[in-house]
Amino acid sequence: MIEQYLQRLFTWESLENTERGVEFELKNRLIEAEFEGITLVALDEEEVSQGDITVELSEDEQYRADEITPEDPLELDLAETVQMVLDRDRLRLGVHELKVGLQVEGYGEVSFTTDDEITEEDLVDVDPADYTVAELTDLADDIAEPETLERLLEREREGKNRKTAVSALEERLEEAEPLTEDEMVVTEPSAKSAGGNLVNELLVSVLESPQRVSVYLTVQTLGSGTPETIAGRMVLSEDTVRSTLEDFESEGIAEQNADGQYSVASPITVLQKRQNTLWSALQRSL
């Protein structure tokens with residue numbers, strides 16, 4: 001139960017690539033609390049080093065994750081937000097799993113797992129003219145996506161068109177190999193196409209977490225599918241998808257046929273089943 005509440009710390013659609021790495025937002029939607037440590041941040045099951053995690057309350061107030069301790073906790077008021085900045089390679093397009101572990105005063109060490117989506121708008125598009133050739137070369141070395149390198153090269157050619165910069169970018173582009181099917185993250189439908197921020201908030205509130213929303217929307221798009229098929233469209237494990245579908249079935253949101261395929265109820269039916277939760281969510285949003 002505590003995990004479902006903790007998931008509400010995560011701000012839906014906040015995961016993004018930036019020039020600083022990968023960032024997302026946490027907002028205290030629960031109660032005033034003291035965070036005595038950031039025990040874990042993992043993306044797609046790859047843990048981020050404590051020294052590579054920055055907790056940013058404002059431009060003038062930033063902490064490394066290993067600086068937050070029981071002796072020097074981070075106090076968060078209700079509705080206060082923090083920006084989590086991860087110094088790591090930028091994420092590929094698609095849905096990614098995020099796990100966050102926290103040491104919370106009065107609760108001990110707790111964690112939650114959720115997911116969010118990187119879209120084309122989240123790919124870093126910088127102006128090469130703002131960089132020296134050496135700086136631009138260093139930047140290109142950190143870019144894994146051929147598409148981003150191509151756009152960077154195009155902007156350099158249309159701008160300063162420096163011979164050494166063009167040569168360095170062309171060489172880096174030749175080294176960048178296209179993604180294999182195993183490396184690709186398939187983007188399943190998300191609440192982004194469901195009608196705006198209000199709908200996003202309602203879906204998360206009614207279905208209780210972005211992870212559950214993603215499973216629900218994937219099944220709805222497919223029409224029906226086995227846990228294995230559905231997991232193949234997501235970065236979540238088959239066990240996680242199966243467990244979520246079983247929960248949906250017990251809640252009257254999903255049905256399983258004789259072939260082991262699940263289908264889900266319409267959004268209207270889901271909202272009708274959660275009228276009290278929906279009314280509370282509407283009151284918070286309006």
# chains A, B, ... in the order shown; residues from 1 in each chain; ligands from 1
call {"tool": "select_by_dssp", "arguments": {"residues": "range 20-172 of chain A", "states": "strand (DSSP E)", "output": "ChimeraX atom specification"}}
result
/A:21-27,33-43,46-47,53-58,61-64,74-76,81-86,94-104,108-118
call {"tool": "residues_around", "arguments": {"residues": "range 9-25 of chain A", "least_positions_apart": "3", "cutoff": "7 Å", "atoms": "only C-alpha atoms", "output": "compact mmCIF listing (two decimals) with all heavy atoms, in the first residue's frame"}}
result
# COMPACT_ATOMS: atom_id res chain seq x y z
N LEU A 6 3.50 6.30 -2.53
CA LEU A 6 4.79 6.87 -2.94
C LEU A 6 4.83 7.18 -4.43
O LEU A 6 5.47 8.13 -4.86
CB LEU A 6 5.92 5.92 -2.56
CG LEU A 6 6.29 5.87 -1.08
CD1 LEU A 6 7.29 4.76 -0.83
CD2 LEU A 6 6.85 7.19 -0.60
N ASN A 28 5.79 16.56 -3.51
CA ASN A 28 5.23 16.02 -2.28
C ASN A 28 3.72 16.24 -2.26
O ASN A 28 3.23 17.31 -1.91
CB ASN A 28 5.87 16.70 -1.07
CG ASN A 28 5.43 16.05 0.24
OD1 ASN A 28 4.69 15.08 0.24
ND2 ASN A 28 5.89 16.58 1.35
N ARG A 29 2.99 15.21 -2.66
CA ARG A 29 1.52 15.27 -2.69
C ARG A 29 0.92 14.56 -1.48
O ARG A 29 -0.29 14.30 -1.46
CB ARG A 29 1.00 14.63 -3.98
CG ARG A 29 1.45 15.32 -5.26
CD ARG A 29 1.01 14.57 -6.49
NE ARG A 29 1.28 15.29 -7.72
CZ ARG A 29 2.43 15.20 -8.40
NH1 ARG A 29 3.40 14.40 -7.95
NH2 ARG A 29 2.62 15.88 -9.51
N THR A 81 8.21 20.80 -4.68
CA THR A 81 8.76 19.94 -5.74
C THR A 81 10.28 19.93 -5.69
O THR A 81 10.91 20.89 -5.22
CB THR A 81 8.32 20.42 -7.13
OG1 THR A 81 8.83 21.74 -7.36
CG2 THR A 81 6.81 20.44 -7.25
N VAL A 82 10.85 18.84 -6.18
CA VAL A 82 12.30 18.75 -6.34
C VAL A 82 12.57 18.19 -7.73
O VAL A 82 11.80 17.37 -8.25
CB VAL A 82 12.96 17.85 -5.28
CG1 VAL A 82 12.78 18.43 -3.90
CG2 VAL A 82 12.43 16.42 -5.35
N GLN A 83 13.65 18.64 -8.34
CA GLN A 83 14.07 18.14 -9.64
C GLN A 83 15.21 17.15 -9.42
O GLN A 83 16.21 17.48 -8.78
CB GLN A 83 14.53 19.28 -10.55
CG GLN A 83 14.73 18.90 -11.99
CD GLN A 83 13.42 18.69 -12.73
OE1 GLN A 83 12.34 18.94 -12.19
NE2 GLN A 83 13.50 18.23 -13.96
N MET A 84 15.04 15.94 -9.92
CA MET A 84 16.08 14.93 -9.81
C MET A 84 16.88 14.93 -11.11
O MET A 84 16.32 14.70 -12.19
CB MET A 84 15.46 13.55 -9.57
CG MET A 84 14.54 13.48 -8.37
SD MET A 84 15.43 13.59 -6.80
CE MET A 84 16.28 12.01 -6.79
N VAL A 85 18.17 15.20 -11.00
CA VAL A 85 19.03 15.30 -12.18
C VAL A 85 20.02 14.14 -12.15
O VAL A 85 20.80 14.00 -11.19
CB VAL A 85 19.79 16.64 -12.21
CG1 VAL A 85 20.62 16.75 -13.47
CG2 VAL A 85 18.82 17.81 -12.08
N LEU A 86 20.00 13.32 -13.17
CA LEU A 86 20.87 12.14 -13.25
C LEU A 86 21.95 12.38 -14.29
O LEU A 86 21.64 12.60 -15.47
CB LEU A 86 20.05 10.89 -13.62
CG LEU A 86 18.76 10.66 -12.83
CD1 LEU A 86 18.08 9.38 -13.31
CD2 LEU A 86 19.01 10.63 -11.33
N ASP A 87 23.18 12.36 -13.87
CA ASP A 87 24.31 12.53 -14.79
C ASP A 87 24.60 11.19 -15.44
O ASP A 87 25.43 10.41 -14.98
CB ASP A 87 25.53 13.05 -14.02
CG ASP A 87 26.72 13.34 -14.93
OD1 ASP A 87 26.53 13.28 -16.16
OD2 ASP A 87 27.82 13.60 -14.42
N ARG A 88 23.89 10.92 -16.52
CA ARG A 88 24.02 9.64 -17.23
C ARG A 88 23.64 9.85 -18.69
O ARG A 88 23.15 10.91 -19.08
CB ARG A 88 23.13 8.56 -16.59
CG ARG A 88 21.67 8.92 -16.48
CD ARG A 88 20.79 7.70 -16.63
NE ARG A 88 20.81 7.22 -18.01
CZ ARG A 88 20.54 5.98 -18.38
NH1 ARG A 88 20.23 5.08 -17.47
NH2 ARG A 88 20.56 5.62 -19.66
N ASP A 89 23.87 8.81 -19.49
CA ASP A 89 23.52 8.90 -20.92
C ASP A 89 22.03 9.14 -21.08
O ASP A 89 21.21 8.64 -20.31
CB ASP A 89 23.90 7.60 -21.64
CG ASP A 89 25.41 7.40 -21.72
OD1 ASP A 89 26.13 8.41 -21.56
OD2 ASP A 89 25.84 6.26 -21.92
N ARG A 90 21.70 9.92 -22.09
CA ARG A 90 20.30 10.22 -22.35
C ARG A 90 19.56 8.96 -22.79
O ARG A 90 20.13 8.03 -23.34
CB ARG A 90 20.20 11.33 -23.41
CG ARG A 90 20.70 12.67 -22.88
CD ARG A 90 20.57 13.76 -23.92
NE ARG A 90 21.59 13.64 -24.96
CZ ARG A 90 22.83 14.12 -24.85
NH1 ARG A 90 23.20 14.71 -23.73
NH2 ARG A 90 23.69 13.99 -25.82
N LEU A 91 18.26 8.96 -22.56
CA LEU A 91 17.43 7.80 -22.84
C LEU A 91 16.94 7.79 -24.28
O LEU A 91 16.76 8.83 -24.90
CB LEU A 91 16.21 7.80 -21.90
CG LEU A 91 16.52 7.68 -20.41
CD1 LEU A 91 15.24 7.90 -19.61
CD2 LEU A 91 17.12 6.32 -20.09
N ASP A 116 7.55 6.15 -17.41
CA ASP A 116 7.21 7.37 -18.12
C ASP A 116 7.86 7.29 -19.50
O ASP A 116 8.66 6.38 -19.77
CB ASP A 116 7.70 8.60 -17.36
CG ASP A 116 6.89 9.85 -17.69
OD1 ASP A 116 6.01 9.77 -18.56
OD2 ASP A 116 7.13 10.90 -17.06
N GLU A 117 7.53 8.25 -20.35
CA GLU A 117 7.87 8.13 -21.76
C GLU A 117 8.78 9.26 -22.23
O GLU A 117 8.59 10.42 -21.87
CB GLU A 117 6.57 8.14 -22.57
CG GLU A 117 6.75 7.87 -24.05
CD GLU A 117 5.41 7.76 -24.76
OE1 GLU A 117 4.37 7.98 -24.11
OE2 GLU A 117 5.41 7.47 -25.96
N ILE A 118 9.77 8.89 -23.02
CA ILE A 118 10.62 9.86 -23.70
C ILE A 118 10.07 10.03 -25.12
O ILE A 118 9.94 9.05 -25.86
CB ILE A 118 12.09 9.40 -23.76
CG1 ILE A 118 12.69 9.32 -22.35
CG2 ILE A 118 12.91 10.33 -24.65
CD1 ILE A 118 12.86 10.67 -21.68
N ASP A 122 11.76 15.34 -26.31
CA ASP A 122 12.70 15.24 -25.21
C ASP A 122 14.13 14.99 -25.68
O ASP A 122 15.05 14.97 -24.87
CB ASP A 122 12.30 14.10 -24.25
CG ASP A 122 10.96 14.38 -23.59
OD1 ASP A 122 10.71 15.54 -23.27
OD2 ASP A 122 10.18 13.43 -23.41
N LEU A 123 14.35 14.74 -26.99
CA LEU A 123 15.70 14.57 -27.48
C LEU A 123 16.40 15.92 -27.48
O LEU A 123 15.81 16.96 -27.83
CB LEU A 123 15.69 14.00 -28.90
CG LEU A 123 15.20 12.55 -29.02
CD1 LEU A 123 15.17 12.14 -30.48
CD2 LEU A 123 16.08 11.61 -28.23
N VAL A 124 17.65 15.94 -27.07
CA VAL A 124 18.37 17.21 -26.94
C VAL A 124 18.70 17.79 -28.31
O VAL A 124 19.33 17.14 -29.13
CB VAL A 124 19.66 17.01 -26.12
CG1 VAL A 124 20.45 18.31 -26.08
CG2 VAL A 124 19.32 16.56 -24.72
call {"tool": "residues_around", "arguments": {"residues": "range 218-227 of chain A", "least_positions_apart": "3", "cutoff": "10 Å", "atoms": "only C-alpha atoms", "output": "PyMOL selection string"}}
result
chain A and resi 187-190+212-215+230-234+237-246+254-257+259-267
call {"tool": "write_last_selection", "arguments": {"atoms": "N, CA, C and O atoms", "output": "compact mmCIF listing (two decimals), in the first residue's frame"}}
result
# COMPACT_ATOMS: atom_id res chain seq x y z
N THR A 187 7.37 2.08 -27.95
CA THR A 187 6.54 3.05 -27.26
C THR A 187 5.08 2.63 -27.32
O THR A 187 4.47 2.63 -28.37
N GLU A 188 4.53 2.27 -26.17
CA GLU A 188 3.11 1.96 -26.15
C GLU A 188 2.33 3.25 -25.92
O GLU A 188 2.89 4.24 -25.48
N PRO A 189 1.04 3.25 -26.23
CA PRO A 189 0.24 4.46 -26.02
C PRO A 189 0.32 4.89 -24.57
O PRO A 189 0.40 4.07 -23.67
N SER A 190 0.33 6.17 -24.35
CA SER A 190 0.37 6.69 -23.00
C SER A 190 -0.77 7.66 -22.81
O SER A 190 -1.49 8.00 -23.74
N ARG A 212 0.22 1.29 -13.89
CA ARG A 212 -1.08 0.66 -14.14
C ARG A 212 -1.77 1.31 -15.34
O ARG A 212 -2.43 0.63 -16.13
N VAL A 213 -1.61 2.63 -15.48
CA VAL A 213 -2.18 3.32 -16.64
C VAL A 213 -1.57 2.77 -17.93
O VAL A 213 -2.28 2.51 -18.90
N SER A 214 -0.24 2.58 -17.94
CA SER A 214 0.43 2.09 -19.14
C SER A 214 -0.04 0.70 -19.53
O SER A 214 -0.28 0.41 -20.71
N VAL A 215 -0.20 -0.19 -18.55
CA VAL A 215 -0.68 -1.54 -18.83
C VAL A 215 -2.10 -1.48 -19.38
O VAL A 215 -2.43 -2.12 -20.38
N ILE A 230 1.62 -8.49 -24.11
CA ILE A 230 1.52 -7.12 -23.60
C ILE A 230 2.90 -6.65 -23.11
O ILE A 230 3.31 -5.53 -23.39
N ALA A 231 3.61 -7.52 -22.40
CA ALA A 231 4.95 -7.16 -21.89
C ALA A 231 5.90 -6.89 -23.04
O ALA A 231 6.83 -6.08 -22.92
N GLY A 232 5.67 -7.56 -24.19
CA GLY A 232 6.52 -7.34 -25.36
C GLY A 232 6.40 -5.95 -25.94
O GLY A 232 7.25 -5.52 -26.71
N ARG A 233 5.32 -5.24 -25.57
CA ARG A 233 5.12 -3.87 -26.03
C ARG A 233 5.60 -2.85 -25.01
O ARG A 233 5.43 -1.64 -25.21
N MET A 234 6.17 -3.33 -23.91
CA MET A 234 6.54 -2.44 -22.82
C MET A 234 7.91 -2.82 -22.30
O MET A 234 8.50 -3.83 -22.70
N SER A 237 8.35 -6.13 -16.92
CA SER A 237 8.52 -7.58 -17.02
C SER A 237 7.16 -8.25 -17.17
O SER A 237 6.11 -7.68 -16.83
N GLU A 238 7.19 -9.49 -17.68
CA GLU A 238 5.95 -10.24 -17.85
C GLU A 238 5.27 -10.48 -16.50
O GLU A 238 4.05 -10.40 -16.39
N ASP A 239 6.08 -10.74 -15.45
CA ASP A 239 5.51 -10.97 -14.11
C ASP A 239 4.79 -9.72 -13.61
O ASP A 239 3.71 -9.81 -13.01
N THR A 240 5.39 -8.54 -13.87
CA THR A 240 4.75 -7.29 -13.43
C THR A 240 3.45 -7.06 -14.17
O THR A 240 2.44 -6.68 -13.57
N VAL A 241 3.45 -7.30 -15.50
CA VAL A 241 2.23 -7.14 -16.29
C VAL A 241 1.17 -8.12 -15.84
O VAL A 241 0.00 -7.77 -15.67
N ARG A 242 1.57 -9.38 -15.62
CA ARG A 242 0.61 -10.41 -15.19
C ARG A 242 -0.03 -10.03 -13.85
O ARG A 242 -1.25 -10.12 -13.67
N SER A 243 0.81 -9.58 -12.91
CA SER A 243 0.31 -9.18 -11.59
C SER A 243 -0.66 -8.01 -11.69
O SER A 243 -1.70 -7.99 -11.03
N THR A 244 -0.33 -7.04 -12.55
CA THR A 244 -1.21 -5.88 -12.73
C THR A 244 -2.54 -6.30 -13.34
O THR A 244 -3.61 -5.85 -12.91
N LEU A 245 -2.50 -7.19 -14.33
CA LEU A 245 -3.74 -7.67 -14.96
C LEU A 245 -4.59 -8.46 -13.98
O LEU A 245 -5.83 -8.37 -14.00
N GLU A 246 -3.94 -9.24 -13.15
CA GLU A 246 -4.69 -10.00 -12.13
C GLU A 246 -5.38 -9.06 -11.15
O GLU A 246 -6.51 -9.31 -10.72
N ALA A 254 -10.66 -5.83 -15.81
CA ALA A 254 -10.18 -6.71 -16.89
C ALA A 254 -10.84 -8.07 -16.81
O ALA A 254 -11.30 -8.49 -15.74
N GLU A 255 -10.86 -8.75 -17.96
CA GLU A 255 -11.36 -10.12 -18.03
C GLU A 255 -10.36 -10.99 -18.77
O GLU A 255 -9.71 -10.52 -19.71
N GLN A 256 -10.25 -12.25 -18.37
CA GLN A 256 -9.36 -13.20 -19.04
C GLN A 256 -10.20 -14.28 -19.70
O GLN A 256 -11.10 -14.85 -19.08
N ASN A 257 -9.92 -14.55 -21.00
CA ASN A 257 -10.69 -15.58 -21.68
C ASN A 257 -10.01 -16.94 -21.55
O ASN A 257 -8.95 -17.07 -20.90
N ASP A 259 -8.30 -18.59 -23.56
CA ASP A 259 -6.97 -18.65 -24.17
C ASP A 259 -5.91 -17.90 -23.38
O ASP A 259 -4.77 -17.78 -23.82
N GLY A 260 -6.30 -17.37 -22.23
CA GLY A 260 -5.34 -16.66 -21.40
C GLY A 260 -5.12 -15.21 -21.82
O GLY A 260 -4.20 -14.56 -21.34
N GLN A 261 -5.98 -14.71 -22.74
CA GLN A 261 -5.85 -13.32 -23.18
C GLN A 261 -6.74 -12.41 -22.34
O GLN A 261 -7.86 -12.75 -22.00
N TYR A 262 -6.18 -11.26 -22.03
CA TYR A 262 -6.90 -10.28 -21.22
C TYR A 262 -7.46 -9.17 -22.10
O TYR A 262 -6.84 -8.75 -23.07
N SER A 263 -8.64 -8.70 -21.74
CA SER A 263 -9.20 -7.48 -22.32
C SER A 263 -9.60 -6.59 -21.16
O SER A 263 -9.76 -7.05 -20.02
N VAL A 264 -9.73 -5.29 -21.42
CA VAL A 264 -10.04 -4.35 -20.34
C VAL A 264 -11.34 -3.63 -20.64
O VAL A 264 -11.75 -3.49 -21.79
N ALA A 265 -11.98 -3.14 -19.58
CA ALA A 265 -13.22 -2.39 -19.72
C ALA A 265 -12.93 -1.03 -20.35
O ALA A 265 -11.79 -0.55 -20.35
N SER A 266 -13.95 -0.39 -20.87
CA SER A 266 -13.80 0.93 -21.48
C SER A 266 -13.44 1.95 -20.40
O SER A 266 -13.73 1.74 -19.22
N PRO A 267 -12.83 3.06 -20.81
CA PRO A 267 -12.50 4.11 -19.84
C PRO A 267 -13.72 4.60 -19.06
O PRO A 267 -13.63 4.87 -17.87
call {"tool": "closest_residue", "arguments": {"among": "A:Val48, A:Ala79, A:Glu56, A:Glu67", "to": "Lys27 in chain A", "atoms": "only C-alpha atoms"}}
result
A:Ala79
call {"tool": "select_by_dssp", "arguments": {"residues": "range 91-141 of chain A", "states": "alpha helix (DSSP H)", "output": "list in words"}}
result
Val133, Ala134, Glu135, Leu136, Thr137, Asp138, Leu139, Ala140 and Asp141 of chain A
call {"tool": "closest_residue", "arguments": {"among": "A:Val41, A:Ile68, A:Leu217, A:Ala168", "to": "Ala134 in chain A", "atoms": "only C-alpha atoms"}}
result
A:Ala168
call {"tool": "atom_distance", "arguments": {"atom1": "CA of Tyr63 in chain A", "atom2": "CA of Leu43 in chain A"}}
result
20.1 Å
call {"tool": "residues_around", "arguments": {"residues": "Asp115 in chain A", "least_positions_apart": "3", "cutoff": "8 Å", "atoms": "only C-alpha atoms", "output": "count of residues only"}}
result
7
call {"tool": "atom_distance", "arguments": {"atom1": "CA of Glu45 in chain A", "atom2": "CA of Tyr216 in chain A"}}
result
21.9 Å
call {"tool": "closest_residue", "arguments": {"among": "A:Glu71, A:Glu170, A:Glu61, A:Glu105", "to": "Glu34 in chain A", "atoms": "only C-alpha atoms"}}
result
A:Glu105
call {"tool": "closest_residue", "arguments": {"among": "A:Leu57, A:Leu136, A:Ala33, A:Ala65", "to": "Asp77 in chain A", "atoms": "only C-alpha atoms"}}
result
A:Ala33
call {"tool": "decode", "arguments": {"residues": "range 102-118 of chain A", "atoms": "N, CA and C atoms", "output": "PDB file, in the first residue's frame"}}
result
ATOM      1  N   LEU A 102      13.734   5.490  -1.152  1.00  0.00           N
ATOM      2  CA  LEU A 102      13.863   6.621  -0.241  1.00  0.00           C
ATOM      3  C   LEU A 102      13.934   6.132   1.204  1.00  0.00           C
ATOM      4  N   GLN A 103      14.680   6.850   2.007  1.00  0.00           N
ATOM      5  CA  GLN A 103      14.667   6.635   3.444  1.00  0.00           C
ATOM      6  C   GLN A 103      13.810   7.759   4.030  1.00  0.00           C
ATOM      7  N   VAL A 104      12.624   7.406   4.546  1.00  0.00           N
ATOM      8  CA  VAL A 104      11.669   8.401   5.014  1.00  0.00           C
ATOM      9  C   VAL A 104      11.534   8.305   6.522  1.00  0.00           C
ATOM     10  N   GLU A 105      11.651   9.439   7.185  1.00  0.00           N
ATOM     11  CA  GLU A 105      11.548   9.473   8.642  1.00  0.00           C
ATOM     12  C   GLU A 105      10.200   8.917   9.087  1.00  0.00           C
ATOM     13  N   GLY A 106      10.226   7.934   9.975  1.00  0.00           N
ATOM     14  CA  GLY A 106       9.007   7.320  10.473  1.00  0.00           C
ATOM     15  C   GLY A 106       8.559   6.103   9.699  1.00  0.00           C
ATOM     16  N   TYR A 107       9.116   5.898   8.477  1.00  0.00           N
ATOM     17  CA  TYR A 107       8.713   4.765   7.641  1.00  0.00           C
ATOM     18  C   TYR A 107       9.887   3.843   7.301  1.00  0.00           C
ATOM     19  N   GLY A 108      11.095   4.342   7.452  1.00  0.00           N
ATOM     20  CA  GLY A 108      12.256   3.547   7.092  1.00  0.00           C
ATOM     21  C   GLY A 108      12.525   3.599   5.602  1.00  0.00           C
ATOM     22  N   GLU A 109      13.136   2.537   5.074  1.00  0.00           N
ATOM     23  CA  GLU A 109      13.496   2.495   3.662  1.00  0.00           C
ATOM     24  C   GLU A 109      12.333   1.956   2.845  1.00  0.00           C
ATOM     25  N   VAL A 110      11.858   2.772   1.906  1.00  0.00           N
ATOM     26  CA  VAL A 110      10.722   2.405   1.065  1.00  0.00           C
ATOM     27  C   VAL A 110      11.086   2.711  -0.385  1.00  0.00           C
ATOM     28  N   SER A 111      10.303   2.189  -1.311  1.00  0.00           N
ATOM     29  CA  SER A 111      10.594   2.431  -2.728  1.00  0.00           C
ATOM     30  C   SER A 111       9.318   2.335  -3.548  1.00  0.00           C
ATOM     31  N   PHE A 112       9.379   2.840  -4.770  1.00  0.00           N
ATOM     32  CA  PHE A 112       8.271   2.690  -5.703  1.00  0.00           C
ATOM     33  C   PHE A 112       8.833   2.527  -7.106  1.00  0.00           C
ATOM     34  N   THR A 113       8.060   1.889  -7.959  1.00  0.00           N
ATOM     35  CA  THR A 113       8.425   1.688  -9.363  1.00  0.00           C
ATOM     36  C   THR A 113       7.320   2.257 -10.233  1.00  0.00           C
ATOM     37  N   THR A 114       7.704   3.007 -11.239  1.00  0.00           N
ATOM     38  CA  THR A 114       6.728   3.590 -12.154  1.00  0.00           C
ATOM     39  C   THR A 114       7.337   3.612 -13.549  1.00  0.00           C
ATOM     40  N   ASP A 115       6.693   4.231 -14.496  1.00  0.00           N
ATOM     41  CA  ASP A 115       7.266   4.375 -15.831  1.00  0.00           C
ATOM     42  C   ASP A 115       6.797   5.678 -16.449  1.00  0.00           C
ATOM     43  N   ASP A 116       7.551   6.150 -17.409  1.00  0.00           N
ATOM     44  CA  ASP A 116       7.214   7.369 -18.124  1.00  0.00           C
ATOM     45  C   ASP A 116       7.857   7.288 -19.501  1.00  0.00           C
ATOM     46  N   GLU A 117       7.530   8.249 -20.349  1.00  0.00           N
ATOM     47  CA  GLU A 117       7.869   8.129 -21.762  1.00  0.00           C
ATOM     48  C   GLU A 117       8.778   9.262 -22.229  1.00  0.00           C
ATOM     49  N   ILE A 118       9.772   8.890 -23.017  1.00  0.00           N
ATOM     50  CA  ILE A 118      10.615   9.860 -23.702  1.00  0.00           C
ATOM     51  C   ILE A 118      10.068  10.027 -25.116  1.00  0.00           C
TER      52      ILE A 118
END
